[in-house]
Amino acid sequence: MKIVDLSRELYHRAPTYPGHPPIIHGIWKNHDDAFVESGNVYGLASMFISMPDHAGTHIDAPRHFGKHGIPINEYPLENCIVPGICIDLRHIAPRAEITPADLQAAVQQSGASVPRDGTVLLCTGHHARTFPHKEYATDNSGVNVAATEWLVRQGVVHFGIDSMRPGPMGDVNLMVHKACLELGITHIESLCNLEALLGQGPFTFVGLPLKMREGTASPIRAVAVFDML
């Protein structure tokens with residue numbers, strides 16, 4: 001079994017979506033202080049973290065798209081371990097819209113078919129080109145509504161992308177979020193290392209969310225597993 005990590009590292013002041021709270025990660029108690037407090041018997045260190053539910057690599061809950069959508073703690077776990085493929089869209093220009101024709105051509109080039117009740121991961125190269133620089137928050141390409149509808153017609157439960165948003169920044173991105181609610185799918189944002197999946201064929205995608213009550217999203221540890229037992 002081979003596991004490929006597709007998750008961004010979480011750390012103090014790691015980039016978050018513009019306008020969202022920062023990630024705050026620090027030491028709650030270090031080994032030396034804990035050792036003294038225990039009467040020099042043991043020392044147990046611990047840390048704390050504060051962050052938005054859309055921090056790092058995460059899956060959006062339908063609740064994010066509309067108040068009647070289900071929160072992340074009710075999201076079906078069956079949708080979190082699914083067959084997947086990764087397609088190469090690195091030739092798409094920054095801030096450009098990815099169209100149905102772009103998706104169809106990339107799927108054909110991959111030599112694999114879109115798995116029904118699975119996922120498609122979109123390797124745009126954006127993370128590799130821009131992270132952690134300021135362009136990471138602005139210059140991504142992304143799907144438009146027509147491309148989102150195309151993915152739904154292929155039978156996916158969600159799709160993923162290596163940027164902070166599924167569509168290019170602006171109204172197109174907002175309409176893609178709205179379309180996801182209406183079409184009954186969601187998406188995964190801020191993936192990384194998708195280049196490692198290109199040309200490798202189908203895999204099992206695993207991305208389990210935290211069980212946060214009424215959450216609009218959740219960080220996940222996203223991985224691709226090949227030859228899963």
# chains A, B, ... in the order shown; residues from 1 in each chain; ligands from 1

$ select_by_dssp --residues "stretch 27-220 of chain A" --states "helix (DSSP H, G or I)" --output "PyMOL selection string"
chain A and resi 31-37+62-65+72-74+77-79+100-110+126-130+134-137+145-153+171-183+194-197

$ residues_around --residues "A:Ser110" --least-positions-apart "4" --cutoff "10 Å" --atoms "only C-alpha atoms" --output "list in words"
Ile85, Cys86, Ile87, Asp88, Gln104, Ala105, Ala106, Leu198, Gly199, Gln200, Gly201 and Pro202 of chain A

$ closest_residue --among "A:Ile70, A:Ala101, A:Ala96, A:Val114" --to "A:Gly215" --atoms "only C-alpha atoms"
A:Ile70

$ residues_around --residues "A:Val82" --least-positions-apart "4" --cutoff "9 Å" --atoms "only C-alpha atoms" --output "list in words"
Glu78, Pro115, Asp117, Gly118, Thr119, Val157, Phe203, Thr204, Phe205 and Val206 of chain A

$ write_last_selection --atoms "C-alpha atoms" --output "mmCIF file, in the first residue's frame"
data_model
loop_
_atom_site.group_PDB
_atom_site.id
_atom_site.type_symbol
_atom_site.label_atom_id
_atom_site.label_comp_id
_atom_site.auth_asym_id
_atom_site.auth_seq_id
_atom_site.Cartn_x
_atom_site.Cartn_y
_atom_site.Cartn_z
ATOM 1 C CA GLU A 78 -19.214 7.392 3.099
ATOM 2 C CA PRO A 115 -15.351 7.231 -10.812
ATOM 3 C CA ASP A 117 -19.642 8.261 -6.368
ATOM 4 C CA GLY A 118 -16.002 9.305 -6.261
ATOM 5 C CA THR A 119 -13.870 12.395 -6.625
ATOM 6 C CA VAL A 157 -19.710 13.350 -4.701
ATOM 7 C CA PHE A 203 -6.554 5.668 -6.137
ATOM 8 C CA THR A 204 -8.661 5.724 -2.988
ATOM 9 C CA PHE A 205 -9.130 9.219 -1.602
ATOM 10 C CA VAL A 206 -9.408 9.571 2.174
#

$ residues_around --residues "A:Thr138" --least-positions-apart "4" --cutoff "8 Å" --atoms "only C-alpha atoms" --output "PDB file with C-alpha atoms, in the first residue's frame"
ATOM      1  CA  ARG A  95      -7.155  33.456 -12.688  1.00  0.00           C
ATOM      2  CA  LYS A 134       0.617  36.557  -1.538  1.00  0.00           C
ATOM      3  CA  MET A 169     -11.501  34.831  -7.419  1.00  0.00           C
TER       4      MET A 169
END
